[in-house]
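Peer 1: Below you will find the structure I want to go over with you.
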Amino acid sequence: MKLYDSHTHLNTDPLFEDRRSFMRSFIAAGGRGLVNSWANESYNLHGIQIAQAAKSEFPGCIVTTTLGRHPESCGEWLLSLQDIPQKMQEIKNLYLNNSSSVVAIGECGIDLHYPDASSTLDIQKALFLAHCDLARELDLPLVIHSRDAFTETFEILKNYPDLTMYFHCRGYGPDEYKILNDEFWMLNSKLFIGFCGNVTYKNAEALRETLKIVSLTQLLLETDAPYLSPQVVRWTTNHPANVKYIYAFVSEFLNISVESFAQQVETNFHSLYRLWMY
């Protein structure tokens, strides 16, 4: 059975130093493809480094990366409105110089989870818009991080119905999914939804209610490692091999054989990231 981790972070601490060991564990578990994603200059460069090295180190596994700036950049890394054009040009240049390793723009979006996040909302919106524009310019999928900010995220995305969109680490309930589905997928079949290890948590009923109604042709699984370890290994450092637990949980929850479910996820992974040549 082939497993795919559609969004992970081997390019960040605490995984980067032991990335080769984590890759070997992933492949031993059945891993055949993963996409690293993150948030600032060093992590973007690490993602490219891992993808390029994997071509010779792990030739049987698809290893690619995305490029972007996380919305937390606006607070944690003190990104200003004036910085955005330069930062986006840097991302564009990275892509142009490493296009064979890069499959999407992001993760990017709006995050209002923390109490002081609203103070950076204007900057977050501007940064998200810039990512959307770049994804359109480069004709790349957009990897979206949206937390406690569905309305703000959706109002921007309505202007980009032509983009292929991946809502990673799905954090909203059925109502929000239906809004997205009606606006985008019903028009162009370019909407994908990712579920992480938190779908296995006891208090994640809203996520599982969404999982029930997401089309199988839209569904992807991811670890978002090192975060959100599945319940069976919760409170340990997450890593890509743990995606096997998410496959097992979701296929059982949906009452689908894990083998046929894995085949559908494989198709979706290749479709989102345009990896048909692999």
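Numbering starts fresh at 1 for the residues of each chain in the structure tokens, the chains themselves are lettered A, B, ... in the order given, and ligands are numbered from 1 as they appear.
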Residues within 8 Å of Asn198 (chain A), please, as an NGL selection string. Count only C-alpha atoms; anything in the same chain fewer than 5 positions from it doesn't count.

Peer 2: :A and (204 or 228-231)

Peer 1: Would you kindly return, as a PyMOL selection string, each protein, DNA or RNA residue with an atom no farther than 8 Å from any atom of Leu34 (chain A), considering only C-alpha atoms and excluding same-chain residues fewer than 3 positions away?

Peer 2: chain A and resi 4-8+31+61-64+240

Peer 1: Would you mind listing, for every residue of region 28-78 of chain A within 9 Å of region 110-116 of chain A, the two atoms forming the shortest contact and the distance between them in Å to one decimal, using only C-alpha atoms, sorted by chain and ascending residue number, as a Markdown table?

Peer 2:
```
| residue | atom | partner | partner_atom | distance |
| --- | --- | --- | --- | --- |
| A:His70 | CA | A:Ile110 | CA | 8.4 |
| A:Pro71 | CA | A:Ile110 | CA | 5.6 |
| A:Glu72 | CA | A:Asp111 | CA | 7.3 |
| A:Gly75 | CA | A:Asp116 | CA | 8.9 |
```

Peer 1: Take the residues that were just selected and, keeping C-alpha atoms, output them as a compact mmCIF listing (two decimals), in the first residue's frame.

Peer 2:
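Contents of the output file again.txt:
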```txt
# COMPACT_ATOMS: atom_id res chain seq x y z
CA HIS A 70 2.98 31.67 7.12
CA PRO A 71 0.52 34.30 8.43
CA GLU A 72 2.37 34.19 11.75
CA GLY A 75 3.68 38.97 14.13
```

Peer 1: Step one, run DSSP on the backbone; step two, keep only residues of region 45-239 of chain A assigned to helix (DSSP H, G or I); then write them as an NGL selection string.

Peer 2: :A and (45-57 or 71-74 or 81-97 or 99-101 or 117-138 or 150-157 or 174-188 or 197-200 or 205-213 or 216-218 or 231-233)

Peer 1: May I have the residues from that selection written out with C-alpha atoms, as a JSON list (two decimals), in the first residue's frame?

Peer 2:
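Written output follows (result.json):
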```
[["chain", "number", "residue", "atom", "x", "y", "z"],
["A", 45, "LEU", "CA", 15.60, 26.81, 1.55],
["A", 46, "HIS", "CA", 15.58, 23.65, 3.66],
["A", 47, "GLY", "CA", 12.58, 22.38, 1.72],
["A", 48, "ILE", "CA", 14.43, 22.82, -1.56],
["A", 49, "GLN", "CA", 17.55, 21.21, -0.09],
["A", 50, "ILE", "CA", 15.62, 18.13, 1.04],
["A", 51, "ALA", "CA", 13.82, 17.78, -2.29],
["A", 52, "GLN", "CA", 17.00, 18.03, -4.34],
["A", 53, "ALA", "CA", 18.95, 15.60, -2.15],
["A", 54, "ALA", "CA", 16.10, 13.07, -2.14],
["A", 55, "LYS", "CA", 16.42, 12.54, -5.89],
["A", 56, "SER", "CA", 19.59, 10.54, -5.24],
["A", 57, "GLU", "CA", 19.09, 9.57, -1.58],
["A", 71, "PRO", "CA", 0.52, 34.30, 8.43],
["A", 72, "GLU", "CA", 2.37, 34.19, 11.75],
["A", 73, "SER", "CA", 5.19, 35.94, 9.87],
["A", 74, "CYS", "CA", 3.20, 39.12, 10.37],
["A", 81, "LEU", "CA", 3.36, 45.85, 4.69],
["A", 82, "GLN", "CA", 6.46, 47.42, 3.17],
["A", 83, "ASP", "CA", 8.32, 44.09, 3.32],
["A", 84, "ILE", "CA", 5.75, 42.10, 1.34],
["A", 85, "PRO", "CA", 6.81, 42.94, -2.25],
["A", 86, "GLN", "CA", 10.44, 42.07, -1.54],
["A", 87, "LYS", "CA", 9.54, 38.83, 0.27],
["A", 88, "MET", "CA", 7.27, 37.71, -2.55],
["A", 89, "GLN", "CA", 9.95, 38.50, -5.14],
["A", 90, "GLU", "CA", 12.35, 36.32, -3.13],
["A", 91, "ILE", "CA", 9.84, 33.46, -3.22],
["A", 92, "LYS", "CA", 9.32, 33.94, -6.96],
["A", 93, "ASN", "CA", 13.07, 33.87, -7.58],
["A", 94, "LEU", "CA", 13.42, 30.72, -5.48],
["A", 95, "TYR", "CA", 10.77, 29.06, -7.58],
["A", 96, "LEU", "CA", 12.27, 30.15, -10.89],
["A", 97, "ASN", "CA", 15.66, 28.79, -9.85],
["A", 99, "SER", "CA", 11.08, 24.86, -10.25],
["A", 100, "SER", "CA", 11.61, 21.09, -10.49],
["A", 101, "SER", "CA", 11.48, 20.84, -6.68],
["A", 117, "ALA", "CA", -3.59, 38.16, 16.05],
["A", 118, "SER", "CA", -6.27, 40.67, 15.06],
["A", 119, "SER", "CA", -3.72, 43.46, 15.38],
["A", 120, "THR", "CA", -1.92, 42.07, 12.32],
["A", 121, "LEU", "CA", -5.05, 41.30, 10.28],
["A", 122, "ASP", "CA", -4.43, 43.98, 7.64],
["A", 123, "ILE", "CA", -0.89, 42.72, 7.06],
["A", 124, "GLN", "CA", -2.09, 39.11, 7.00],
["A", 125, "LYS", "CA", -4.67, 39.98, 4.33],
["A", 126, "ALA", "CA", -2.10, 41.78, 2.19],
["A", 127, "LEU", "CA", 0.37, 38.91, 2.50],
["A", 128, "PHE", "CA", -2.30, 36.35, 1.61],
["A", 129, "LEU", "CA", -3.39, 38.38, -1.41],
["A", 130, "ALA", "CA", 0.22, 38.53, -2.57],
["A", 131, "HIS", "CA", 0.51, 34.74, -2.34],
["A", 132, "CYS", "CA", -2.72, 34.31, -4.31],
["A", 133, "ASP", "CA", -1.42, 36.64, -7.00],
["A", 134, "LEU", "CA", 1.88, 34.78, -7.19],
["A", 135, "ALA", "CA", 0.17, 31.39, -7.42],
["A", 136, "ARG", "CA", -1.91, 32.74, -10.30],
["A", 137, "GLU", "CA", 1.13, 34.24, -12.02],
["A", 138, "LEU", "CA", 3.15, 31.03, -11.75],
["A", 150, "PHE", "CA", -12.92, 31.44, 7.68],
["A", 151, "THR", "CA", -14.84, 34.56, 6.62],
["A", 152, "GLU", "CA", -11.68, 36.60, 6.14],
["A", 153, "THR", "CA", -10.03, 33.80, 4.16],
["A", 154, "PHE", "CA", -13.07, 33.13, 2.01],
["A", 155, "GLU", "CA", -13.60, 36.79, 1.11],
["A", 156, "ILE", "CA", -10.14, 36.86, -0.45],
["A", 157, "LEU", "CA", -10.37, 33.48, -2.17],
["A", 174, "PRO", "CA", -19.47, 21.05, 7.66],
["A", 175, "ASP", "CA", -21.07, 24.47, 7.09],
["A", 176, "GLU", "CA", -17.81, 26.08, 6.02],
["A", 177, "TYR", "CA", -16.95, 23.14, 3.82],
["A", 178, "LYS", "CA", -20.30, 23.44, 2.04],
["A", 179, "ILE", "CA", -19.65, 27.12, 1.38],
["A", 180, "LEU", "CA", -16.26, 26.33, -0.15],
["A", 181, "ASN", "CA", -17.62, 23.43, -2.11],
["A", 182, "ASP", "CA", -20.47, 25.44, -3.60],
["A", 183, "GLU", "CA", -18.19, 28.34, -4.49],
["A", 184, "PHE", "CA", -15.22, 26.47, -5.91],
["A", 185, "TRP", "CA", -15.35, 22.71, -6.39],
["A", 186, "MET", "CA", -18.78, 22.66, -7.98],
["A", 187, "LEU", "CA", -17.39, 25.07, -10.58],
["A", 188, "ASN", "CA", -13.94, 23.78, -11.38],
["A", 197, "GLY", "CA", -3.82, 13.55, 13.07],
["A", 198, "ASN", "CA", -6.21, 15.78, 15.00],
["A", 199, "VAL", "CA", -9.13, 14.15, 13.18],
["A", 200, "THR", "CA", -8.46, 11.18, 15.48],
["A", 205, "GLU", "CA", -16.37, 15.85, 16.24],
["A", 206, "ALA", "CA", -16.69, 18.87, 13.93],
["A", 207, "LEU", "CA", -13.77, 17.63, 11.84],
["A", 208, "ARG", "CA", -15.25, 14.18, 11.57],
["A", 209, "GLU", "CA", -18.64, 15.61, 10.60],
["A", 210, "THR", "CA", -16.86, 17.39, 7.75],
["A", 211, "LEU", "CA", -14.97, 14.23, 6.85],
["A", 212, "LYS", "CA", -18.30, 12.46, 6.33],
["A", 213, "ILE", "CA", -19.33, 14.79, 3.53],
["A", 216, "LEU", "CA", -13.36, 11.22, -1.81],
["A", 217, "THR", "CA", -11.89, 12.89, -4.89],
["A", 218, "GLN", "CA", -11.03, 15.96, -2.78],
["A", 231, "GLN", "CA", -4.15, 9.86, 19.01],
["A", 232, "VAL", "CA", -2.34, 6.50, 19.18],
["A", 233, "VAL", "CA", 1.02, 8.30, 19.42]]
```

Peer 1: From region 80-254 of chain A, collect each residue whose DSSP state is strand (DSSP E) and return the set as number ranges by chain.

Peer 2: A: 102-111, 142-147, 165-167, 191-195, 219-221

Peer 1: Identify, on the basis of only C-alpha atoms, every residue whose closest approach to Asp224 (chain A) does not exceed 12 Å; exclude the query and any residue fewer than 6 positions from it along the same chain; express the result as number ranges by chain.

Peer 2: A: 5-12, 15, 34-38, 107, 145, 168-170, 194-198, 230, 237-243, 246

Peer 1: I'd like the contact shell of Arg69 (chain A) - 6 Å cut-off, only C-alpha atoms, skipping same-chain residues fewer than 3 positions apart - returned as a PyMOL selection string.

Peer 2: chain A and resi 39-40+108

Peer 1: Set the distance at 8 Å and use only C-alpha atoms: which residues neighbour region 162-165 of chain A once local chain neighbours fewer than 4 positions away are removed? I'd like the list as a list in words.

Peer 2: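 The contact residues come out as Ala135, Arg136, Asp139, Leu140, Pro141, Leu142, Val143, Ile144, Asn188, Lys190, Leu191, Phe192 and Leu272 of chain A.
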
Peer 1: Between CA of Ile193 (chain A) and CA of Tyr273 (chain A), what is the distance, to one decimal in Å?

Peer 2: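 Between these atoms lies a distance of 13.1 Å.
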
Peer 1: Which is closer to Gly60 (chain A) than all the others in A:Lys2, A:His270, A:Arg19, A:Arg234, using only C-alpha atoms?

Peer 2: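 When distances to Gly60 (chain A) are compared using only C-alpha atoms, the smallest one comes from A:Lys2.
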
Peer 1: In Å, with one decimal, what is the gap from CA of Ser251 (chain A) to CA of Pro59 (chain A)?

Peer 2: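 Interatomic distance, CA of Ser251 (chain A) to CA of Pro59 (chain A): 28.2 Å.
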
Peer 1: Which is closer to Leu275 (chain A) than all the others in A:Tyr247, A:Asp18, A:Gly30, A:Val102, using only C-alpha atoms?

Peer 2: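 Ranked by minimum distance to Leu275 (chain A), first place goes to A:Val102.
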